[in-house]
>>> print(open('data.csv').read())   # CSV, C-alpha atoms and all ligand atoms
chain,number,residue,atom,x,y,z
A,5,MET,CA,-16.0,16.8,34.8
A,6,SER,CA,-12.3,16.4,34.4
A,7,ILE,CA,-9.8,14.1,32.8
A,8,LYS,CA,-6.5,12.4,33.8
A,9,ILE,CA,-3.7,10.7,31.8
A,10,ILE,CA,-3.6,7.2,33.3
A,11,GLY,CA,-1.2,5.6,30.9
A,12,THR,CA,1.5,6.5,28.4
A,13,GLY,CA,3.4,4.4,25.9
A,14,SER,CA,5.7,4.8,22.9
A,15,TYR,CA,7.5,2.8,20.3
A,16,VAL,CA,10.3,3.5,17.9
A,17,PRO,CA,11.5,0.9,15.3
A,18,GLU,CA,14.8,-0.9,15.9
A,19,LYS,CA,16.6,0.3,12.8
A,20,VAL,CA,18.8,3.4,13.4
A,21,LEU,CA,19.7,5.6,10.5
A,22,THR,CA,22.6,7.9,11.4
A,23,ASN,CA,23.7,11.2,9.8
A,24,PHE,CA,26.7,9.2,8.6
A,25,ASP,CA,24.4,6.7,6.8
A,26,LEU,CA,22.7,9.7,5.1
A,27,GLU,CA,26.1,11.0,3.9
A,28,LYS,CA,26.2,7.9,1.7
A,29,MET,CA,22.7,8.5,0.3
A,30,VAL,CA,22.6,12.3,-0.5
A,31,GLU,CA,25.0,15.2,-0.6
A,32,THR,CA,25.0,16.2,3.1
A,33,SER,CA,27.2,15.9,6.2
A,34,ASP,CA,26.8,14.9,9.8
A,35,GLU,CA,28.1,18.4,10.7
A,36,TRP,CA,25.5,20.2,8.5
A,37,ILE,CA,22.6,18.1,9.9
A,38,ARG,CA,23.8,18.4,13.6
A,39,THR,CA,24.4,22.1,13.5
A,40,ARG,CA,21.3,23.1,11.5
A,41,THR,CA,18.8,20.7,13.2
A,42,GLY,CA,20.4,19.0,16.3
A,43,ILE,CA,19.5,15.6,14.8
A,44,GLU,CA,22.1,12.8,15.1
A,45,GLN,CA,20.0,9.8,14.2
A,46,ARG,CA,16.4,8.7,13.5
A,47,ARG,CA,14.5,5.4,13.6
A,48,ILE,CA,13.2,3.8,10.4
A,49,ALA,CA,10.4,1.2,10.3
A,50,SER,CA,10.9,-2.1,8.4
A,51,ALA,CA,9.2,-2.7,5.1
A,52,ASP,CA,6.5,-4.9,6.7
A,53,GLN,CA,5.6,-2.3,9.4
A,54,ALA,CA,2.8,0.1,8.7
A,55,THR,CA,1.8,3.1,10.8
A,56,SER,CA,-0.9,1.0,12.6
A,57,ASP,CA,1.8,-1.5,13.7
A,58,LEU,CA,3.9,1.3,15.3
A,59,ALA,CA,0.7,2.6,16.9
A,60,TYR,CA,-0.2,-0.8,18.2
A,61,GLU,CA,3.1,-1.2,20.0
A,62,ALA,CA,2.7,2.2,21.7
A,63,ALA,CA,-0.9,1.5,22.5
A,64,VAL,CA,-0.2,-1.8,24.2
A,65,LYS,CA,2.3,-0.2,26.5
A,66,ALA,CA,0.0,2.7,27.4
A,67,LEU,CA,-2.9,0.3,28.1
A,68,GLU,CA,-0.7,-1.8,30.3
A,69,MET,CA,0.4,1.2,32.4
A,70,ALA,CA,-3.3,2.3,32.6
A,71,LYS,CA,-4.3,-1.1,33.8
A,72,THR,CA,-7.0,-0.9,31.1
A,73,SER,CA,-8.0,-3.7,28.7
A,74,ALA,CA,-8.6,-2.7,25.1
A,75,ALA,CA,-12.2,-3.8,25.5
A,76,GLU,CA,-12.8,-1.0,28.0
A,77,LEU,CA,-11.9,1.7,25.5
A,78,ASP,CA,-14.7,4.0,24.4
A,79,GLY,CA,-12.8,5.5,21.5
A,80,ILE,CA,-9.5,5.6,19.6
A,81,ILE,CA,-8.1,8.7,17.8
A,82,VAL,CA,-5.0,8.3,15.7
A,83,ALA,CA,-3.2,11.4,14.6
A,84,SER,CA,-1.0,10.8,11.5
A,85,ILE,CA,0.0,12.1,8.1
A,86,SER,CA,1.3,8.7,7.1
A,87,VAL,CA,-1.8,6.6,7.5
A,88,ASP,CA,-1.9,3.0,6.4
A,89,HIS,CA,-4.5,3.8,3.7
A,90,VAL,CA,-6.5,6.9,2.6
A,91,PHE,CA,-9.4,4.9,4.0
A,92,PRO,CA,-10.3,2.9,6.1
A,93,SER,CA,-8.9,4.9,9.0
A,94,THR,CA,-5.7,3.7,10.8
A,95,ALA,CA,-7.7,3.9,14.0
A,96,CYS,CA,-10.1,1.2,12.7
A,97,ILE,CA,-7.1,-1.0,11.7
A,98,LEU,CA,-5.7,-0.5,15.2
A,99,GLN,CA,-9.0,-1.2,16.8
A,100,LYS,CA,-9.0,-4.7,15.2
A,101,LYS,CA,-5.4,-5.4,16.3
A,102,LEU,CA,-6.2,-4.4,19.9
A,103,GLY,CA,-9.6,-6.0,20.1
A,104,ALA,CA,-11.1,-2.7,21.3
A,105,MET,CA,-14.5,-3.5,19.8
A,106,LYS,CA,-16.5,-1.0,21.9
A,107,ALA,CA,-14.5,2.0,20.7
A,108,PHE,CA,-15.4,4.6,18.1
A,109,CYS,CA,-12.5,5.2,15.8
A,110,PHE,CA,-11.2,8.0,13.6
A,111,ASP,CA,-8.0,9.5,12.3
A,112,LEU,CA,-7.2,13.1,12.8
A,113,GLU,CA,-5.0,15.0,10.4
A,114,ALA,CA,-3.3,18.1,11.7
A,115,ALA,CA,0.3,17.1,10.7
A,116,CYS,CA,2.8,17.7,13.6
A,117,SER,CA,0.1,19.3,15.7
A,118,GLY,CA,-2.0,16.1,15.5
A,119,LEU,CA,-1.5,14.8,19.0
A,120,ILE,CA,-2.3,18.2,20.6
A,121,TYR,CA,-5.5,18.4,18.4
A,122,SER,CA,-6.4,14.8,19.4
A,123,ILE,CA,-6.0,15.4,23.1
A,124,GLU,CA,-8.1,18.6,22.8
A,125,VAL,CA,-10.9,16.6,21.0
A,126,ALA,CA,-10.7,13.7,23.5
A,127,HIS,CA,-10.8,16.1,26.4
A,128,ALA,CA,-13.9,17.8,25.0
A,129,LEU,CA,-15.6,14.5,24.3
A,130,ILE,CA,-15.0,13.1,27.8
A,131,LYS,CA,-16.1,16.4,29.4
A,132,SER,CA,-19.2,16.8,27.3
A,133,ASN,CA,-20.7,13.3,27.1
A,134,ILE,CA,-21.4,10.9,29.9
A,135,LYS,CA,-20.9,8.0,27.5
A,136,TYR,CA,-17.1,8.4,27.1
A,137,ARG,CA,-14.9,7.3,30.0
A,138,LYS,CA,-11.7,6.0,28.5
A,139,LEU,CA,-10.1,7.2,25.3
A,140,LEU,CA,-6.9,6.2,23.6
A,141,VAL,CA,-5.1,9.0,21.6
A,142,ILE,CA,-2.0,8.2,19.6
A,143,GLY,CA,0.3,10.1,17.3
A,144,ALA,CA,1.9,7.5,14.9
A,145,GLU,CA,4.0,8.0,11.8
A,146,LYS,CA,5.9,6.0,9.3
A,147,LEU,CA,7.3,9.2,7.7
A,148,SER,CA,10.0,7.2,5.9
A,149,SER,CA,7.2,6.1,3.6
A,150,ILE,CA,6.4,9.7,2.5
A,151,VAL,CA,10.0,11.1,2.4
A,152,ASN,CA,11.8,11.5,-0.8
A,153,TRP,CA,15.2,9.9,0.0
A,154,GLU,CA,16.8,11.8,-2.9
A,155,ASP,CA,15.8,15.2,-1.4
A,156,ARG,CA,18.4,16.4,1.1
A,157,ASN,CA,16.2,19.3,2.1
A,158,THR,CA,13.7,17.0,3.8
A,159,CYS,CA,15.1,13.4,4.1
A,160,VAL,CA,17.6,14.3,6.9
A,161,LEU,CA,14.8,15.7,9.1
A,162,PHE,CA,12.3,12.9,9.7
A,163,GLY,CA,11.9,9.6,11.5
A,164,ASP,CA,9.3,7.0,12.4
A,165,GLY,CA,7.6,6.2,15.8
A,166,ALA,CA,4.5,6.4,17.9
A,167,GLY,CA,3.4,7.9,21.2
A,168,ALA,CA,0.1,7.0,23.0
A,169,MET,CA,-1.9,8.1,26.0
A,170,VAL,CA,-5.0,6.7,27.7
A,171,LEU,CA,-7.2,9.5,29.0
A,172,GLU,CA,-9.9,8.8,31.7
A,173,LYS,CA,-12.8,10.7,33.1
A,174,THR,CA,-12.1,11.4,36.8
A,175,PRO,CA,-14.7,11.3,39.5
A,176,GLU,CA,-16.9,14.4,40.2
A,177,GLY,CA,-14.9,17.2,41.9
A,178,ALA,CA,-11.4,15.9,40.9
A,179,GLU,CA,-9.0,18.5,39.4
A,180,ASP,CA,-8.7,18.5,35.6
A,181,CYS,CA,-5.2,17.8,34.3
A,182,VAL,CA,-5.8,20.2,31.4
A,183,LEU,CA,-5.4,23.7,32.8
A,184,ALA,CA,-5.6,25.5,29.4
A,185,SER,CA,-5.5,24.7,25.7
A,186,ASN,CA,-5.8,26.3,22.3
A,187,LEU,CA,-5.7,25.2,18.7
A,188,GLY,CA,-5.0,27.3,15.6
A,189,ALA,CA,-4.6,27.1,11.9
A,190,ASN,CA,-3.7,29.2,8.9
A,191,GLY,CA,-4.7,27.8,5.5
A,192,THR,CA,-3.1,30.5,3.5
A,193,TYR,CA,0.2,28.6,3.9
A,194,THR,CA,-0.9,25.2,2.7
A,195,GLU,CA,1.7,25.0,0.0
A,196,ILE,CA,4.8,25.5,2.1
A,197,LEU,CA,4.5,22.0,3.6
A,198,GLN,CA,2.6,19.3,1.7
A,199,ILE,CA,2.4,16.1,-0.4
A,200,PRO,CA,1.3,17.5,-3.7
A,201,ALA,CA,-0.3,14.3,-5.3
A,202,GLY,CA,-2.3,11.3,-4.3
A,203,GLY,CA,-5.5,13.2,-3.3
A,204,SER,CA,-8.4,14.4,-5.3
A,205,ARG,CA,-6.6,17.5,-6.5
A,206,MET,CA,-3.9,15.5,-8.3
A,207,PRO,CA,-4.8,11.8,-8.3
A,208,ALA,CA,-2.0,9.2,-8.8
A,209,SER,CA,-0.8,8.9,-12.3
A,210,GLN,CA,2.4,7.8,-14.1
A,211,GLN,CA,3.4,11.5,-14.3
A,212,THR,CA,2.9,12.2,-10.6
A,213,ILE,CA,5.0,9.1,-9.8
A,214,ASP,CA,7.7,10.1,-12.3
A,215,ASN,CA,7.8,13.6,-10.8
A,216,LYS,CA,8.0,12.3,-7.2
A,217,LEU,CA,4.9,14.2,-6.2
A,218,HIS,CA,3.8,11.7,-3.6
A,219,TYR,CA,6.5,12.8,-1.3
A,220,MET,CA,6.7,15.6,1.3
A,221,THR,CA,7.8,19.0,0.0
A,222,MET,CA,8.8,21.8,2.3
A,223,SER,CA,10.0,25.4,2.3
A,224,GLY,CA,12.2,25.1,5.3
A,225,GLN,CA,12.9,28.7,6.1
A,226,ASP,CA,9.3,29.8,5.8
A,227,VAL,CA,8.2,27.0,8.1
A,228,PHE,CA,11.0,27.9,10.6
A,229,LYS,CA,9.8,31.5,11.1
A,230,LEU,CA,6.1,30.7,11.2
A,231,ALA,CA,6.7,27.8,13.6
A,232,VAL,CA,8.5,29.9,16.2
A,233,ASN,CA,5.9,32.7,16.1
A,234,ALA,CA,2.9,30.4,16.2
A,235,MET,CA,4.2,28.3,19.1
A,236,VAL,CA,5.3,31.3,21.2
A,237,SER,CA,1.9,33.0,20.8
A,238,SER,CA,0.0,29.8,21.4
A,239,CYS,CA,2.0,29.1,24.6
A,240,LYS,CA,1.5,32.7,25.8
A,241,GLU,CA,-2.2,32.3,25.3
A,242,ALA,CA,-2.4,29.1,27.3
A,243,LEU,CA,-0.4,30.6,30.1
A,244,ALA,CA,-2.5,33.7,30.2
A,245,PHE,CA,-5.7,31.7,30.3
A,246,ALA,CA,-4.4,29.7,33.3
A,247,ASP,CA,-3.1,33.0,34.8
A,248,MET,CA,0.4,31.5,35.2
A,249,PRO,CA,3.8,33.0,34.4
A,250,SER,CA,6.2,30.9,32.3
A,251,ALA,CA,8.4,30.6,35.4
A,252,SER,CA,5.8,28.1,36.8
A,253,VAL,CA,6.3,25.7,33.9
A,254,THR,CA,8.3,22.6,35.1
A,255,TRP,CA,8.7,21.3,31.5
A,256,LEU,CA,8.2,22.8,28.1
A,257,VAL,CA,7.6,19.9,25.7
A,258,PRO,CA,7.6,21.2,22.2
A,259,HIS,CA,7.1,19.3,19.0
A,260,GLN,CA,10.6,18.0,18.2
A,261,ALA,CA,11.2,19.6,14.8
A,262,ASN,CA,14.6,21.2,15.0
A,263,TYR,CA,16.6,22.1,18.1
A,264,ARG,CA,17.1,25.7,16.9
A,265,ILE,CA,13.3,26.1,16.7
A,266,LEU,CA,12.9,24.6,20.2
A,267,LYS,CA,15.6,26.9,21.6
A,268,ALA,CA,14.1,30.0,20.0
A,269,VAL,CA,10.6,29.2,21.4
A,270,ALA,CA,12.0,28.6,24.9
A,271,SER,CA,14.1,31.7,24.8
A,272,ARG,CA,11.1,33.9,23.8
A,273,LEU,CA,9.1,32.4,26.6
A,274,ASP,CA,11.9,32.9,29.1
A,275,ILE,CA,12.1,29.2,29.9
A,276,PRO,CA,15.7,28.0,30.4
A,277,GLU,CA,16.9,25.2,28.2
A,278,GLU,CA,17.3,22.7,31.0
A,279,ARG,CA,13.5,22.8,31.4
A,280,VAL,CA,12.9,22.0,27.7
A,281,TYR,CA,12.5,18.3,27.0
A,282,MET,CA,14.4,17.4,23.8
A,283,ASN,CA,15.0,14.0,22.1
A,284,VAL,CA,15.2,15.4,18.5
A,285,ASN,CA,18.8,14.3,18.5
A,286,ARG,CA,17.8,10.6,18.7
A,287,TYR,CA,14.6,10.5,16.7
A,288,GLY,CA,14.5,13.5,14.4
A,289,ASN,CA,11.0,14.9,13.6
A,290,THR,CA,8.4,12.2,14.0
A,291,SER,CA,5.5,14.6,13.3
A,292,ALA,CA,2.3,13.7,15.3
A,293,ALA,CA,4.3,11.1,17.3
A,294,SER,CA,6.9,13.4,18.7
A,295,ILE,CA,5.2,14.9,21.8
A,296,GLY,CA,3.7,11.5,22.7
A,297,ILE,CA,7.2,9.9,22.6
A,298,CYS,CA,8.6,12.7,24.8
A,299,ILE,CA,5.8,12.5,27.4
A,300,ASP,CA,6.2,8.7,27.6
A,301,GLU,CA,10.0,8.9,28.0
A,302,MET,CA,9.5,11.6,30.7
A,303,ASN,CA,6.9,9.6,32.5
A,304,ARG,CA,8.9,6.3,32.5
A,305,GLY,CA,12.2,8.0,33.1
A,306,GLY,CA,11.0,9.7,36.2
A,307,PHE,CA,11.3,13.2,34.8
A,308,VAL,CA,7.8,14.2,36.0
A,309,LYS,CA,6.2,14.1,39.4
A,310,PRO,CA,2.6,14.8,40.5
A,311,GLY,CA,1.9,18.5,40.4
A,312,ASP,CA,4.5,19.4,37.7
A,313,ILE,CA,3.3,21.8,35.1
A,314,ILE,CA,3.9,20.7,31.5
A,315,LEU,CA,3.4,23.0,28.6
A,316,MET,CA,3.1,21.0,25.3
A,317,THR,CA,3.2,22.9,22.1
A,318,ALA,CA,3.3,21.9,18.4
A,319,PHE,CA,3.3,23.3,14.9
A,320,GLY,CA,2.9,21.6,11.5
A,321,GLY,CA,1.6,21.5,8.0
A,322,GLY,CA,-1.7,23.1,7.3
A,323,LEU,CA,-0.5,25.3,8.9
A,324,THR,CA,-1.7,24.1,12.2
A,325,TRP,CA,-0.6,24.7,15.8
A,326,GLY,CA,-1.7,24.3,19.4
A,327,SER,CA,-0.7,24.2,23.0
A,328,ILE,CA,-1.9,22.3,26.1
A,329,LEU,CA,-1.0,23.3,29.6
A,330,LEU,CA,-1.1,20.2,31.9
A,331,LYS,CA,-0.9,19.6,35.6
A,332,TRP,CA,0.7,16.2,35.9
B,401,LIG,N1,22.8,19.0,3.7
B,401,LIG,C1,23.6,19.9,3.3
B,401,LIG,N2,23.2,21.1,2.8
B,401,LIG,C2,21.9,21.3,2.8
B,401,LIG,C3,20.9,20.3,3.2
B,401,LIG,C4,21.5,19.1,3.7
B,401,LIG,N3,20.7,18.1,4.2
B,401,LIG,N4,19.7,20.7,3.1
B,401,LIG,C5,19.8,22.0,2.6
B,401,LIG,N5,21.1,22.3,2.4
B,401,LIG,C6,21.6,23.5,1.8
B,401,LIG,C7,20.6,24.3,1.0
B,401,LIG,O1,20.6,23.8,-0.3
B,401,LIG,C8,21.2,25.7,1.1
B,401,LIG,O2,22.3,25.8,0.1
B,401,LIG,P1,22.5,27.1,-0.8
B,401,LIG,O3,22.7,28.2,0.3
B,401,LIG,O4,23.6,26.8,-1.6
B,401,LIG,O5,21.1,27.3,-1.5
B,401,LIG,C9,21.9,25.7,2.4
B,401,LIG,O6,22.0,24.4,2.9
B,401,LIG,C10,21.1,26.5,3.5
B,401,LIG,O7,19.7,26.1,3.4
B,401,LIG,P2,18.7,26.7,4.3
B,401,LIG,O8,17.3,26.2,3.9
B,401,LIG,O9,18.9,28.2,4.4
B,401,LIG,O10,19.1,26.1,5.7
B,401,LIG,P3,18.4,26.4,7.1
B,401,LIG,O11,19.4,26.9,8.1
B,401,LIG,O12,17.1,27.2,7.0
B,401,LIG,O13,18.0,25.0,7.6
B,401,LIG,C11,16.1,23.5,7.8
B,401,LIG,C12,17.1,24.2,6.9
B,401,LIG,C13,16.9,22.6,8.7
B,401,LIG,C14,15.2,22.7,6.9
B,401,LIG,C15,15.3,24.6,8.6
B,401,LIG,O14,14.9,25.6,7.7
B,401,LIG,C16,14.2,24.0,9.4
B,401,LIG,O15,14.3,23.2,10.3
B,401,LIG,N6,13.0,24.4,9.0
B,401,LIG,C17,11.8,23.9,9.7
B,401,LIG,C18,11.4,22.6,9.2
B,401,LIG,C19,10.3,22.0,10.1
B,401,LIG,O16,10.4,22.2,11.3
B,401,LIG,N7,9.3,21.4,9.7
B,401,LIG,C20,8.3,21.0,10.6
B,401,LIG,C21,7.0,20.7,10.1
B,401,LIG,S1,7.1,19.1,9.4
B,401,LIG,C22,5.5,18.6,9.3
B,401,LIG,O17,4.5,19.3,9.6
B,401,LIG,C23,5.3,17.3,8.8
>>> encode(input="data.csv", output="structure tokens")
Amino acid sequence: MSIKIIGTGSYVPEKVLTNFDLEKMVETSDEWIRTRTGIEQRRIASADQATSDLAYEAAVKALEMAKTSAAELDGIIVASISVDHVFPSTACILQKKLGAMKAFCFDLEAACSGLIYSIEVAHALIKSNIKYRKLLVIGAEKLSSIVNWEDRNTCVLFGDGAGAMVLEKTPEGAEDCVLASNLGANGTYTEILQIPAGGSRMPASQQTIDNKLHYMTMSGQDVFKLAVNAMVSSCKEALAFADMPSASVTWLVPHQANYRILKAVASRLDIPEERVYMNVNRYGNTSAASIGICIDEMNRGGFVKPGDIILMTAFGGGLTWGSILLKW
């Protein structure tokens, strides 16, 4: 049994926040942000938009391309660290908005690796169980709601958006679009990237609010080094499994964290920069949404053609990482 991506969709909110806008909010400069991260602007959701609203817009486009009605979906997986509520799941909220009443629904939390984790789970579900034919996977984030806008170490990095894919079981004998995949995690580094309060460890209180513990905190340099090492070894593992050299990769699609991370990963894999898809300059780091937005832009923009080899790789809080080698 095999799967195919039959539709992609993405959405970014209208509001653009430039580096120059950020200069007025914290002590930073366009020059610092551009040279350290490659980011020039990011999109910010409006006050009345929640993560499920961003996911909905991306999902509708993916379903339209897949010529699939929401009622046909067997399942919805939403990857996010900025869910609408701790519970119910954002996937359930999305199910209602779409009218996908046959679908099972759950959220998957693997930070920036969330979409890679979700595709791997959806792939396994489709391959292992005759019941599931069409699944919707979405990375969606309203990171602006969990960013401390007074902390220049983090607020310049993140943006909002959503990227969706419809996966379908293909007829017996058809080639699987997933050539290789792997997931990984290392829980010894949980503290270098986290939201300290709001969970059972430190429930919300006046003190946690006063100390701004409901926002993302990050040790940037530690994350940087670990991100490069993890993504490179994960990509190498996927390539080795498929018995392919990195020269056969048409596009490397890394999680859009920071263009210096992307360049370092590509260089260590011997993949030239012109074969690395990058939009971090326009959207910043949209966590679980970033690879989905890239793939949809590439698909709709004619950057990919049947037979192309795409290597997607991501890294995020947890720590988590993963790679998927796809034949388009
Ligand atoms: N503007 C100006 N100066 C700044 C800013 C800013 N926005 N932010 C930090 N600085 C200062 C620091 O205070 C420091 O000053 P000091 O030397 O006086 O102490 C100086 O700039 C250098 O700081 P560094 O942390 O060394 O800068 P670095 O070159 O490492 O870049 C960055 C920082 C961009 C955060 C980088 O480390 C990075 O990209 N890390 C990875 C982050 C990431 O990818 N996270 C992804 C996971 S996110 C998730 O999973 C949700």
>>> atom_distance(input="data.csv", atom1="atom CA of Tyr15 of chain A", atom2="atom CA of Ala62 of chain A")
5.0 Å
>>> atom_distance(input="data.csv", atom1="atom CA of Arg286 of chain A", atom2="atom CA of Tyr121 of chain A")
24.6 Å
>>> residues_around(input="data.csv", residues="Pro310 of chain A", least_positions_apart="6", cutoff="12 Å", atoms="all atoms listed in the file", output="VMD selection string")
chain A and resid 8 to 9 181 254 303 330 to 332
>>> write_last_selection(input="data.csv", atoms="C-alpha atoms", output="PDB file, in the coordinates of the input")
ATOM      1  CA  LYS A   8      -6.500  12.400  33.800  1.00  0.00           C
ATOM      2  CA  ILE A   9      -3.700  10.700  31.800  1.00  0.00           C
ATOM      3  CA  CYS A 181      -5.200  17.800  34.300  1.00  0.00           C
ATOM      4  CA  THR A 254       8.300  22.600  35.100  1.00  0.00           C
ATOM      5  CA  ASN A 303       6.900   9.600  32.500  1.00  0.00           C
ATOM      6  CA  LEU A 330      -1.100  20.200  31.900  1.00  0.00           C
ATOM      7  CA  LYS A 331      -0.900  19.600  35.600  1.00  0.00           C
ATOM      8  CA  TRP A 332       0.700  16.200  35.900  1.00  0.00           C
TER       9      TRP A 332
END
>>> closest_atom_pairs(input="data.csv", of="segment 262-318 of chain A", to="segment 38-42 of chain A", cutoff="12 Å", atoms="all atoms listed in the file", output="tab-separated table")
residue	atom	partner	partner_atom	distance
A:Asn262	CA	A:Thr41	CA	4.6
A:Tyr263	CA	A:Gly42	CA	5.2
A:Arg264	CA	A:Thr41	CA	6.4
A:Ile265	CA	A:Thr41	CA	8.5
A:Leu266	CA	A:Thr41	CA	10.0
A:Lys267	CA	A:Gly42	CA	10.7
A:Met282	CA	A:Gly42	CA	9.7
A:Asn283	CA	A:Gly42	CA	9.4
A:Val284	CA	A:Gly42	CA	6.7
A:Asn285	CA	A:Gly42	CA	5.4
A:Arg286	CA	A:Gly42	CA	9.1
A:Tyr287	CA	A:Gly42	CA	10.3
A:Gly288	CA	A:Gly42	CA	8.3
A:Asn289	CA	A:Thr41	CA	9.7
>>> residues_around(input="data.csv", residues="Gln225 of chain A", least_positions_apart="2", cutoff="12 Å", atoms="all atoms listed in the file", output="MDAnalysis selection string")
chainID A and resid 40 157:158 196:197 222:223 227:232 262 264:265
>>> closest_residue(input="data.csv", among="A:Leu102, A:Ala66, A:Cys239, A:Val90", to="Leu171 of chain A", atoms="only C-alpha atoms")
A:Ala66
>>> closest_residue(input="data.csv", among="A:Pro200, A:Gly118, A:Pro276, A:Gly165", to="ligand LIG 401 (chain B)", atoms="only C-alpha atoms and all ligand atoms")
A:Gly118
>>> closest_residue(input="data.csv", among="A:Ala107, A:Ala292, A:Ile37, A:Leu67", to="Val82 of chain A", atoms="all atoms listed in the file")
A:Ala292
>>> closest_residue(input="data.csv", among="A:Asp226, A:Glu76, A:Glu241, A:Glu27", to="Thr317 of chain A", atoms="all atoms listed in the file")
A:Glu241
>>> residues_near_point(input="data.csv", point="(-0.1, 17.4, 19.7)", cutoff="10 Å", atoms="all atoms listed in the file", output="JSON, numbers by chain")
{"A": [83, 114, 115, 116, 117, 118, 119, 120, 121, 122, 123, 124, 141, 142, 143, 187, 258, 259, 291, 292, 293, 294, 295, 296, 316, 317, 318, 319, 320, 325, 326, 327, 328]}
>>> residues_near_point(input="data.csv", point="(10.5, 13.8, -8.1)", cutoff="12 Å", atoms="only C-alpha atoms", output="PyMOL selection string")
chain A and resi 151-155+199-201+210-221
>>> axis_aligned_box(input="data.csv", around="segment 166-178 of chain A", padding_each_side="3 Å", output="lines of an AutoDock Vina configuration file")
center_x = -6.2
center_y = 11.8
center_z = 29.9
size_x = 27.4
size_y = 16.8
size_z = 30.0
>>> atom_distance(input="data.csv", atom1="atom CA of Leu161 of chain A", atom2="atom CA of Gly202 of chain A")
22.2 Å
